[in-house]
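Heads up, the thing below is written out as structure tokens.
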Amino acid sequence: MFDYLIVGAGFAGSILAERLANQSGKKVLIVDRRNHIGGNAYDHYNEAGILVHKYGPHIFHTNSRDVFEYLSHFTEWRRYEHRVLASVDGQLVPIPINLNTINKLYGLKLNSFELEKFFESVAEPKDSIRTSEDVVVNKVGRELYEKFFRNYTRKQWGIDPSELDKSVTARVPTRTNRDDRYFTDTYQAMPLYGFTRMFENLLNHPNIKVMLNTDYREIRGMIPYKEMIYTGPVDEFFDCRFGKLPYRSLDFKHETLNESVHQTAPVVNYPNEHLYTRITEFKYLTGQEHSKTSIVYEFPKAEGDPYYPVPRPENAELYKKYKALADATPNVEFVGRLATYKYYNMDQVVAQALAVYAKLSDRSRWQPEEKNGHALAGTVR
Ligand SMILES: Cc1cc2nc3c(=O)[nH]c(=O)nc-3n(C[C@H](O)[C@H](O)[C@H](O)COP(=O)(O)OP(=O)(O)OC[C@H]3O[C@@H](n4cnc5c(N)ncnc54)[C@H](O)[C@@H]3O)c2cc1C
């Protein structure tokens, strides 16, 4: 009998498996319907021998010392600060918008103080900020909004920023200095040997059994366990009984090129041209040296693997209904990006998984093992 059946071997599932096995001596079966561990953070060496991220670029960054120190038990790191350029008006300029962006775009020589005045002169102040359009127009005005945000957001989400919750564009700051780093977090680094190696280390414990190519529904009636941790889509768990929660998906087009460097930055965004949103060149992220280079194009789409929960009020309402069901489901914890229908970065999922572990271990301290075992023995779903 397993103590836990964990559905999904991404960050949420793998961290809970590691904690429960390593710290609480629990026996864990972790299943994933994909043919690999790591969830969306999975990376692998392609046919040319270049390390690539199968599901698009994953850049690790966090302000949480706890999260960074926890993961550091399972990987060494490579220092890496992410930088992005945007193709606008025939030029490649840094994004987030900063002093260099504006000076290059308009051929100006402003200083930080003058840039602040410039933003004030073009901003359209809003009384209430509700949508993704409001956030940007309120800060930098309509022209920059049109050049950098409107079409990119429409491509990415399939809807106009005026219909999308403010949280989406609020993630991208505007700066009056020359800081062209994409993130400003205290800890910015990439796992030295890649994400998948880190996941292998997380799951390398005699109490953890890993089963791939397996949907949990195929085995739940056959393999006894006491409790479940579910990290898949919450609506699917309840057979979409209130309807499907909308997700945005992506097609990834990977290419290996016969040149050692393809573009001048790790990521180039294309807000206004092409059907794809951005091109990533992996060697910048991984530091690998190779005579060829591998890139990936991202084409947003409505159907397919669920990647991004769509933050709109009606979806939040629908999620609330599933959350009420989830809260009322005994012996199942819903953890991670899909199970809580939230746009989480990797570090936030790590923090969430550690918090759930703290709750579970606290609970088992107050409920002695035999009592727990008796109450749950034979509970097989
Ligand atoms: C294109 C893209 C780029 C991203 N870039 C970044 C970034 O740069 N930095 C960052 O911090 N975050 C980034 N993220 C977010 C990051 O991927 C997530 O925060 C993280 O992977 C979430 O982990 P998770 O365990 O919650 O979910 P997942 O990684 O999605 O893992 C869930 C797993 O559950 C499995 N599963 C689902 N249902 C079942 C079932 N019925 N049976 C068995 N298995 C099942 C799935 O196959 C999947 O492997 C990005 C996400 C995407 C899509």
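Identifiers in the structure tokens: chain A, B, ... in order shown; residue index from 1 per chain; ligand index from 1 in order shown.
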**Q.** Exercise answer, 6 Å around ligand 1 with only C-alpha atoms and all ligand atoms, as JSON, numbers by chain
**A.** {"A": [7, 8, 9, 10, 11, 12, 13, 31, 32, 33, 34, 39, 40, 41, 55, 56, 57, 58, 59, 60, 214, 215, 216, 231, 232, 307, 336, 337, 338, 344, 345, 346, 347, 349]}
Q: For stretch 179-192 of chain A, work out the shell of residues within 10 Å, counting only C-alpha atoms and skipping chain neighbours fewer than 6 positions away, then give it as a ChimeraX atom specification.
A: /A:58-65,67-68,71-72,74-85,93-101,172-173,198,285-287
Dump as a compact mmCIF listing (two decimals), in the first residue's frame, selection limited to N, CA and C atoms:
```
# COMPACT_ATOMS: atom_id res chain seq x y z
N HIS A 58 12.41 28.07 -19.97
CA HIS A 58 12.13 28.17 -18.54
C HIS A 58 13.32 28.81 -17.84
N ILE A 59 13.09 29.99 -17.30
CA ILE A 59 14.15 30.75 -16.65
C ILE A 59 13.86 30.77 -15.16
N PHE A 60 14.81 30.33 -14.35
CA PHE A 60 14.54 30.31 -12.91
C PHE A 60 14.92 31.64 -12.28
N HIS A 61 13.99 32.18 -11.47
CA HIS A 61 14.27 33.41 -10.73
C HIS A 61 13.36 33.44 -9.51
N THR A 62 13.89 33.92 -8.38
CA THR A 62 13.06 33.99 -7.18
C THR A 62 13.63 35.00 -6.19
N ASN A 63 12.74 35.52 -5.35
CA ASN A 63 13.20 36.34 -4.23
C ASN A 63 13.23 35.53 -2.95
N SER A 64 12.80 34.28 -3.04
CA SER A 64 12.69 33.47 -1.82
C SER A 64 13.98 32.68 -1.56
N ARG A 65 14.62 33.04 -0.47
CA ARG A 65 15.84 32.31 -0.09
C ARG A 65 15.51 30.85 0.22
N VAL A 67 13.21 28.93 -1.05
CA VAL A 67 13.02 28.17 -2.29
C VAL A 67 14.36 27.87 -2.94
N PHE A 68 15.21 28.89 -3.01
CA PHE A 68 16.50 28.70 -3.66
C PHE A 68 17.36 27.69 -2.89
N LEU A 71 16.04 24.04 -3.41
CA LEU A 71 16.40 23.44 -4.70
C LEU A 71 17.91 23.19 -4.81
N SER A 72 18.68 23.98 -4.08
CA SER A 72 20.15 23.84 -4.15
C SER A 72 20.62 22.49 -3.59
N PHE A 74 19.50 19.86 -4.72
CA PHE A 74 19.30 18.91 -5.83
C PHE A 74 19.98 19.35 -7.13
N THR A 75 20.58 20.52 -7.10
CA THR A 75 21.30 20.97 -8.29
C THR A 75 22.37 21.99 -7.92
N GLU A 76 23.41 22.01 -8.75
CA GLU A 76 24.29 23.17 -8.73
C GLU A 76 23.70 24.16 -9.72
N TRP A 77 24.18 25.38 -9.68
CA TRP A 77 23.57 26.42 -10.51
C TRP A 77 24.58 27.08 -11.43
N ARG A 78 24.06 27.66 -12.48
CA ARG A 78 24.86 28.50 -13.36
C ARG A 78 24.26 29.91 -13.28
N ARG A 79 25.11 30.90 -13.02
CA ARG A 79 24.63 32.27 -12.92
C ARG A 79 24.03 32.68 -14.27
N TYR A 80 22.86 33.25 -14.25
CA TYR A 80 22.24 33.64 -15.52
C TYR A 80 21.22 34.76 -15.28
N GLU A 81 21.39 35.87 -15.96
CA GLU A 81 20.40 36.95 -15.90
C GLU A 81 19.77 37.08 -17.28
N HIS A 82 18.47 36.99 -17.31
CA HIS A 82 17.75 36.91 -18.58
C HIS A 82 17.59 38.29 -19.23
N ARG A 83 17.75 38.31 -20.55
CA ARG A 83 17.55 39.57 -21.29
C ARG A 83 16.70 39.30 -22.53
N VAL A 84 15.83 40.24 -22.85
CA VAL A 84 14.90 40.07 -23.97
C VAL A 84 14.92 41.33 -24.83
N LEU A 85 14.90 41.14 -26.15
CA LEU A 85 14.75 42.26 -27.07
C LEU A 85 13.39 42.15 -27.75
N VAL A 93 14.93 46.40 -29.67
CA VAL A 93 15.11 47.25 -28.49
C VAL A 93 14.80 46.45 -27.22
N PRO A 94 15.44 46.84 -26.08
CA PRO A 94 15.23 46.05 -24.86
C PRO A 94 13.81 46.15 -24.32
N ILE A 95 13.32 45.06 -23.78
CA ILE A 95 12.05 45.01 -23.05
C ILE A 95 12.35 44.28 -21.75
N PRO A 96 11.88 44.67 -20.59
CA PRO A 96 10.96 45.76 -20.29
C PRO A 96 11.47 47.12 -20.78
N ILE A 97 10.48 47.99 -21.08
CA ILE A 97 10.82 49.33 -21.57
C ILE A 97 11.67 50.05 -20.53
N ASN A 98 12.83 50.57 -20.96
CA ASN A 98 13.70 51.32 -20.05
C ASN A 98 14.30 52.49 -20.81
N LEU A 99 15.26 53.17 -20.19
CA LEU A 99 15.85 54.36 -20.79
C LEU A 99 16.44 54.07 -22.18
N ASN A 100 17.16 52.96 -22.30
CA ASN A 100 17.77 52.62 -23.60
C ASN A 100 16.70 52.36 -24.66
N THR A 101 15.58 51.74 -24.25
CA THR A 101 14.51 51.43 -25.20
C THR A 101 13.98 52.71 -25.84
N VAL A 172 4.93 42.93 -16.30
CA VAL A 172 6.07 43.52 -17.03
C VAL A 172 6.27 44.97 -16.55
N PRO A 173 7.40 45.25 -15.88
CA PRO A 173 7.58 46.60 -15.32
C PRO A 173 7.99 47.61 -16.38
N MET A 198 17.87 17.84 -12.31
CA MET A 198 17.44 18.24 -10.96
C MET A 198 16.24 17.40 -10.51
N LEU A 285 20.74 30.32 -22.57
CA LEU A 285 20.18 29.93 -21.28
C LEU A 285 21.05 28.90 -20.57
N THR A 286 21.60 28.00 -21.36
CA THR A 286 22.29 26.86 -20.74
C THR A 286 23.80 27.05 -20.68
N GLY A 287 24.33 27.98 -21.47
CA GLY A 287 25.78 28.20 -21.48
C GLY A 287 26.53 27.13 -22.27
```
(Q) Given only C-alpha atoms as the basis, pick out the residue of A:Glu114, A:Asp134, A:Glu18, A:Glu163 nearest to A:Asn177. (A)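 When distances to A:Asn177 are compared using only C-alpha atoms, the smallest one comes from A:Glu114.
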(Q) Could you go through stretch 44-150 of chain A and tell me which residues DSSP, when run on the backbone, assigns to alpha helix (DSSP H), listing them as a VMD selection string? (A) chain A and resid 65 to 71 99 to 106 112 to 122 132 to 144
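Interatomic distance, atom CA of A:Leu257 to atom CA of A:His53: 16.1 Å.
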Q: Write down as a VMD selection string the residues of stretch 41-147 of chain A whose backbone DSSP state falls under strand (DSSP E).
A: chain A and resid 43 to 45 51 to 53 61 to 62 77 to 79 84 to 88 91 to 95
Got time to write the residues from that selection, N, CA and C atoms, as a PDB file, in the first residue's frame?
```pdb
ATOM      1  N   ASP A  43      13.687  19.356 -19.790  1.00  0.00           N
ATOM      2  CA  ASP A  43      14.652  19.648 -20.862  1.00  0.00           C
ATOM      3  C   ASP A  43      15.379  18.366 -21.254  1.00  0.00           C
ATOM      4  N   HIS A  44      15.974  18.370 -22.454  1.00  0.00           N
ATOM      5  CA  HIS A  44      16.636  17.167 -22.961  1.00  0.00           C
ATOM      6  C   HIS A  44      17.625  17.540 -24.049  1.00  0.00           C
ATOM      7  N   TYR A  45      18.572  16.638 -24.314  1.00  0.00           N
ATOM      8  CA  TYR A  45      19.517  16.868 -25.406  1.00  0.00           C
ATOM      9  C   TYR A  45      18.857  16.426 -26.712  1.00  0.00           C
ATOM     10  N   LEU A  51      21.157  21.011 -25.498  1.00  0.00           N
ATOM     11  CA  LEU A  51      20.149  20.968 -24.432  1.00  0.00           C
ATOM     12  C   LEU A  51      19.042  21.984 -24.735  1.00  0.00           C
ATOM     13  N   VAL A  52      17.814  21.481 -24.883  1.00  0.00           N
ATOM     14  CA  VAL A  52      16.674  22.358 -25.206  1.00  0.00           C
ATOM     15  C   VAL A  52      15.527  22.128 -24.224  1.00  0.00           C
ATOM     16  N   HIS A  53      14.676  23.129 -24.087  1.00  0.00           N
ATOM     17  CA  HIS A  53      13.489  23.025 -23.228  1.00  0.00           C
ATOM     18  C   HIS A  53      12.313  22.659 -24.126  1.00  0.00           C
ATOM     19  N   HIS A  61      13.992  32.179 -11.472  1.00  0.00           N
ATOM     20  CA  HIS A  61      14.271  33.409 -10.726  1.00  0.00           C
ATOM     21  C   HIS A  61      13.362  33.439  -9.512  1.00  0.00           C
ATOM     22  N   THR A  62      13.887  33.923  -8.383  1.00  0.00           N
ATOM     23  CA  THR A  62      13.058  33.992  -7.178  1.00  0.00           C
ATOM     24  C   THR A  62      13.630  35.000  -6.192  1.00  0.00           C
ATOM     25  N   TRP A  77      24.182  25.382  -9.681  1.00  0.00           N
ATOM     26  CA  TRP A  77      23.573  26.423 -10.508  1.00  0.00           C
ATOM     27  C   TRP A  77      24.582  27.075 -11.431  1.00  0.00           C
ATOM     28  N   ARG A  78      24.057  27.664 -12.484  1.00  0.00           N
ATOM     29  CA  ARG A  78      24.858  28.496 -13.359  1.00  0.00           C
ATOM     30  C   ARG A  78      24.260  29.906 -13.281  1.00  0.00           C
ATOM     31  N   ARG A  79      25.106  30.898 -13.016  1.00  0.00           N
ATOM     32  CA  ARG A  79      24.628  32.270 -12.918  1.00  0.00           C
ATOM     33  C   ARG A  79      24.030  32.682 -14.269  1.00  0.00           C
ATOM     34  N   VAL A  84      15.828  40.235 -22.851  1.00  0.00           N
ATOM     35  CA  VAL A  84      14.902  40.072 -23.974  1.00  0.00           C
ATOM     36  C   VAL A  84      14.923  41.332 -24.831  1.00  0.00           C
ATOM     37  N   LEU A  85      14.902  41.138 -26.154  1.00  0.00           N
ATOM     38  CA  LEU A  85      14.750  42.259 -27.074  1.00  0.00           C
ATOM     39  C   LEU A  85      13.391  42.147 -27.752  1.00  0.00           C
ATOM     40  N   ALA A  86      12.851  43.291 -28.164  1.00  0.00           N
ATOM     41  CA  ALA A  86      11.588  43.266 -28.913  1.00  0.00           C
ATOM     42  C   ALA A  86      11.828  43.902 -30.275  1.00  0.00           C
ATOM     43  N   SER A  87      11.247  43.291 -31.296  1.00  0.00           N
ATOM     44  CA  SER A  87      11.369  43.828 -32.654  1.00  0.00           C
ATOM     45  C   SER A  87      10.235  44.840 -32.868  1.00  0.00           C
ATOM     46  N   VAL A  88      10.601  46.128 -32.863  1.00  0.00           N
ATOM     47  CA  VAL A  88       9.583  47.184 -32.987  1.00  0.00           C
ATOM     48  C   VAL A  88      10.067  48.229 -33.983  1.00  0.00           C
ATOM     49  N   GLN A  91      13.507  47.848 -35.486  1.00  0.00           N
ATOM     50  CA  GLN A  91      14.693  47.825 -34.614  1.00  0.00           C
ATOM     51  C   GLN A  91      14.517  46.774 -33.532  1.00  0.00           C
ATOM     52  N   LEU A  92      15.652  46.324 -32.954  1.00  0.00           N
ATOM     53  CA  LEU A  92      15.587  45.443 -31.796  1.00  0.00           C
ATOM     54  C   LEU A  92      15.906  46.274 -30.562  1.00  0.00           C
ATOM     55  N   VAL A  93      14.926  46.400 -29.675  1.00  0.00           N
ATOM     56  CA  VAL A  93      15.110  47.250 -28.485  1.00  0.00           C
ATOM     57  C   VAL A  93      14.803  46.446 -27.216  1.00  0.00           C
ATOM     58  N   PRO A  94      15.438  46.838 -26.084  1.00  0.00           N
ATOM     59  CA  PRO A  94      15.233  46.046 -24.861  1.00  0.00           C
ATOM     60  C   PRO A  94      13.807  46.152 -24.320  1.00  0.00           C
ATOM     61  N   ILE A  95      13.322  45.063 -23.781  1.00  0.00           N
ATOM     62  CA  ILE A  95      12.050  45.008 -23.046  1.00  0.00           C
ATOM     63  C   ILE A  95      12.345  44.279 -21.752  1.00  0.00           C
TER      64      ILE A  95
END
```
Q.
Quick one: residues within 12 Å of A:Glu255, only C-alpha atoms, excluding same-chain residues fewer than 2 positions away - as a PyMOL selection string?
A. chain A and resi 46-48+50+52+54+252-253+257-259+262+279-282+292-298
Any chance you can output those residues with N, CA and C atoms as a PDB file, in the first residue's frame?
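File result-v7.pdb, as written:
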```pdb
ATOM      1  N   ASN A  46      18.783  17.311 -27.690  1.00  0.00           N
ATOM      2  CA  ASN A  46      18.137  16.957 -28.961  1.00  0.00           C
ATOM      3  C   ASN A  46      19.079  16.148 -29.860  1.00  0.00           C
ATOM      4  N   GLU A  47      18.641  15.867 -31.070  1.00  0.00           N
ATOM      5  CA  GLU A  47      19.408  14.979 -31.966  1.00  0.00           C
ATOM      6  C   GLU A  47      20.793  15.542 -32.295  1.00  0.00           C
ATOM      7  N   ALA A  48      20.962  16.876 -32.170  1.00  0.00           N
ATOM      8  CA  ALA A  48      22.277  17.485 -32.435  1.00  0.00           C
ATOM      9  C   ALA A  48      23.135  17.529 -31.163  1.00  0.00           C
ATOM     10  N   ILE A  50      22.200  19.259 -28.389  1.00  0.00           N
ATOM     11  CA  ILE A  50      22.037  20.572 -27.736  1.00  0.00           C
ATOM     12  C   ILE A  50      20.897  20.475 -26.710  1.00  0.00           C
ATOM     13  N   VAL A  52      17.814  21.481 -24.883  1.00  0.00           N
ATOM     14  CA  VAL A  52      16.674  22.358 -25.206  1.00  0.00           C
ATOM     15  C   VAL A  52      15.527  22.128 -24.224  1.00  0.00           C
ATOM     16  N   LYS A  54      11.776  21.476 -23.913  1.00  0.00           N
ATOM     17  CA  LYS A  54      10.737  20.991 -24.828  1.00  0.00           C
ATOM     18  C   LYS A  54       9.515  21.911 -24.868  1.00  0.00           C
ATOM     19  N   PHE A 252       5.070  24.534 -30.260  1.00  0.00           N
ATOM     20  CA  PHE A 252       6.493  24.852 -30.257  1.00  0.00           C
ATOM     21  C   PHE A 252       7.116  24.312 -31.526  1.00  0.00           C
ATOM     22  N   LYS A 253       7.818  25.178 -32.271  1.00  0.00           N
ATOM     23  CA  LYS A 253       8.525  24.716 -33.464  1.00  0.00           C
ATOM     24  C   LYS A 253      10.024  24.818 -33.157  1.00  0.00           C
ATOM     25  N   LEU A 257      20.110  24.980 -36.216  1.00  0.00           N
ATOM     26  CA  LEU A 257      20.673  25.722 -37.345  1.00  0.00           C
ATOM     27  C   LEU A 257      22.176  25.488 -37.436  1.00  0.00           C
ATOM     28  N   ASN A 258      22.675  25.537 -38.677  1.00  0.00           N
ATOM     29  CA  ASN A 258      24.104  25.328 -38.925  1.00  0.00           C
ATOM     30  C   ASN A 258      24.902  26.604 -38.732  1.00  0.00           C
ATOM     31  N   GLU A 259      24.720  27.234 -37.612  1.00  0.00           N
ATOM     32  CA  GLU A 259      25.481  28.440 -37.280  1.00  0.00           C
ATOM     33  C   GLU A 259      25.659  28.417 -35.772  1.00  0.00           C
ATOM     34  N   HIS A 262      22.575  32.550 -33.456  1.00  0.00           N
ATOM     35  CA  HIS A 262      21.496  32.944 -34.376  1.00  0.00           C
ATOM     36  C   HIS A 262      21.033  34.382 -34.165  1.00  0.00           C
ATOM     37  N   ILE A 279      11.170  34.129 -30.340  1.00  0.00           N
ATOM     38  CA  ILE A 279      12.149  33.085 -30.661  1.00  0.00           C
ATOM     39  C   ILE A 279      13.153  33.037 -29.511  1.00  0.00           C
ATOM     40  N   THR A 280      13.419  31.836 -29.029  1.00  0.00           N
ATOM     41  CA  THR A 280      14.405  31.628 -27.959  1.00  0.00           C
ATOM     42  C   THR A 280      15.587  30.854 -28.504  1.00  0.00           C
ATOM     43  N   GLU A 281      16.778  31.268 -28.147  1.00  0.00           N
ATOM     44  CA  GLU A 281      17.988  30.526 -28.520  1.00  0.00           C
ATOM     45  C   GLU A 281      18.567  29.913 -27.241  1.00  0.00           C
ATOM     46  N   PHE A 282      18.552  28.571 -27.183  1.00  0.00           N
ATOM     47  CA  PHE A 282      18.791  27.889 -25.904  1.00  0.00           C
ATOM     48  C   PHE A 282      20.202  28.014 -25.356  1.00  0.00           C
ATOM     49  N   LYS A 292      26.698  24.226 -33.573  1.00  0.00           N
ATOM     50  CA  LYS A 292      25.356  24.551 -34.097  1.00  0.00           C
ATOM     51  C   LYS A 292      24.557  25.252 -32.992  1.00  0.00           C
ATOM     52  N   THR A 293      23.353  25.687 -33.326  1.00  0.00           N
ATOM     53  CA  THR A 293      22.518  26.295 -32.291  1.00  0.00           C
ATOM     54  C   THR A 293      21.064  25.860 -32.480  1.00  0.00           C
ATOM     55  N   SER A 294      20.320  25.769 -31.376  1.00  0.00           N
ATOM     56  CA  SER A 294      18.908  25.368 -31.444  1.00  0.00           C
ATOM     57  C   SER A 294      18.018  26.495 -30.954  1.00  0.00           C
ATOM     58  N   ILE A 295      16.919  26.681 -31.678  1.00  0.00           N
ATOM     59  CA  ILE A 295      15.975  27.755 -31.329  1.00  0.00           C
ATOM     60  C   ILE A 295      14.560  27.174 -31.261  1.00  0.00           C
ATOM     61  N   VAL A 296      13.659  27.917 -30.640  1.00  0.00           N
ATOM     62  CA  VAL A 296      12.251  27.501 -30.669  1.00  0.00           C
ATOM     63  C   VAL A 296      11.366  28.717 -30.928  1.00  0.00           C
ATOM     64  N   TYR A 297      10.382  28.511 -31.796  1.00  0.00           N
ATOM     65  CA  TYR A 297       9.347  29.515 -32.058  1.00  0.00           C
ATOM     66  C   TYR A 297       8.119  29.114 -31.244  1.00  0.00           C
ATOM     67  N   GLU A 298       7.391  30.104 -30.725  1.00  0.00           N
ATOM     68  CA  GLU A 298       6.149  29.812 -29.997  1.00  0.00           C
ATOM     69  C   GLU A 298       4.945  30.388 -30.732  1.00  0.00           C
TER      70      GLU A 298
END
```
Q | From A:Tyr276, A:Phe238, A:Tyr270, A:Phe299, residue lying nearest A:Tyr319 [only C-alpha atoms] | A |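 Of all the options, A:Phe238 lies closest to A:Tyr319.
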Q: Would you work out the distance separating atom CA of A:Tyr284 from atom CA of A:Val268, expressed in Å to one decimal?
A: 12.1 Å
Q. Hey, what's within 7 Å of A:Thr169 if we count only C-alpha atoms and toss same-chain stuff fewer than 2 positions away? As an MDAnalysis selection string, please?
A. chainID A and resid 132 135 166:167 171:172
How close does each residue of stretch 204-258 of chain A get to stretch 322-328 of chain A, giving the shortest atom pair and distance in Å to one decimal for every residue with an atom at most 8 Å away, counting only C-alpha atoms, sorted by chain and residue number, as JSON lines?
```
{"residue": "A:Val234", "atom": "CA", "partner": "A:Tyr322", "partner_atom": "CA", "distance": 6.9}
{"residue": "A:Asp235", "atom": "CA", "partner": "A:Tyr322", "partner_atom": "CA", "distance": 6.5}
{"residue": "A:Phe238", "atom": "CA", "partner": "A:Tyr322", "partner_atom": "CA", "distance": 7.8}
{"residue": "A:Phe242", "atom": "CA", "partner": "A:Tyr322", "partner_atom": "CA", "distance": 7.8}
```
A:Thr131 surroundings by only C-alpha atoms, 6 Å radius, close-in-sequence under 4 positions cut, as a CSV table (one decimal) with N, CA and C atoms, in the first residue's frame:
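Output (out.csv):
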```csv
chain,number,residue,atom,x,y,z
A,162,SER,N,-7.8,44.8,-23.4
A,162,SER,CA,-8.9,45.5,-22.7
A,162,SER,C,-9.9,44.5,-22.1
A,164,LEU,N,-8.7,41.6,-20.7
A,164,LEU,CA,-7.9,40.7,-19.9
A,164,LEU,C,-7.6,41.3,-18.6
A,165,ASP,N,-7.6,40.5,-17.5
A,165,ASP,CA,-7.3,41.0,-16.2
A,165,ASP,C,-6.0,41.8,-16.1
A,166,LYS,N,-5.9,42.8,-15.3
A,166,LYS,CA,-4.7,43.6,-15.2
A,166,LYS,C,-3.4,42.8,-14.8
```
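Atom CA of A:Tyr152 is positioned 4.2 Å from atom CA of A:Pro271.
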Q | Nearest to A:Lys301 by atom-to-atom distance, counting only C-alpha atoms, from A:Val168, A:Val350, A:Ile129, A:Ile159 | A |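 Among A:Val168, A:Val350, A:Ile129, A:Ile159, it is A:Ile159 that comes nearest to A:Lys301.
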Q.
Here is a test: counting only C-alpha atoms, which residue of A:Ser24, A:Asn272, A:Ser128, A:Asn111 is nearest to A:Asp89?
A. A:Asn272
Q: For A:Val332, work out the shell of residues within 8 Å, counting only C-alpha atoms and skipping chain neighbours fewer than 2 positions away, then give it as a PyMOL selection string.
A: chain A and resi 227-230+326+329-330+334
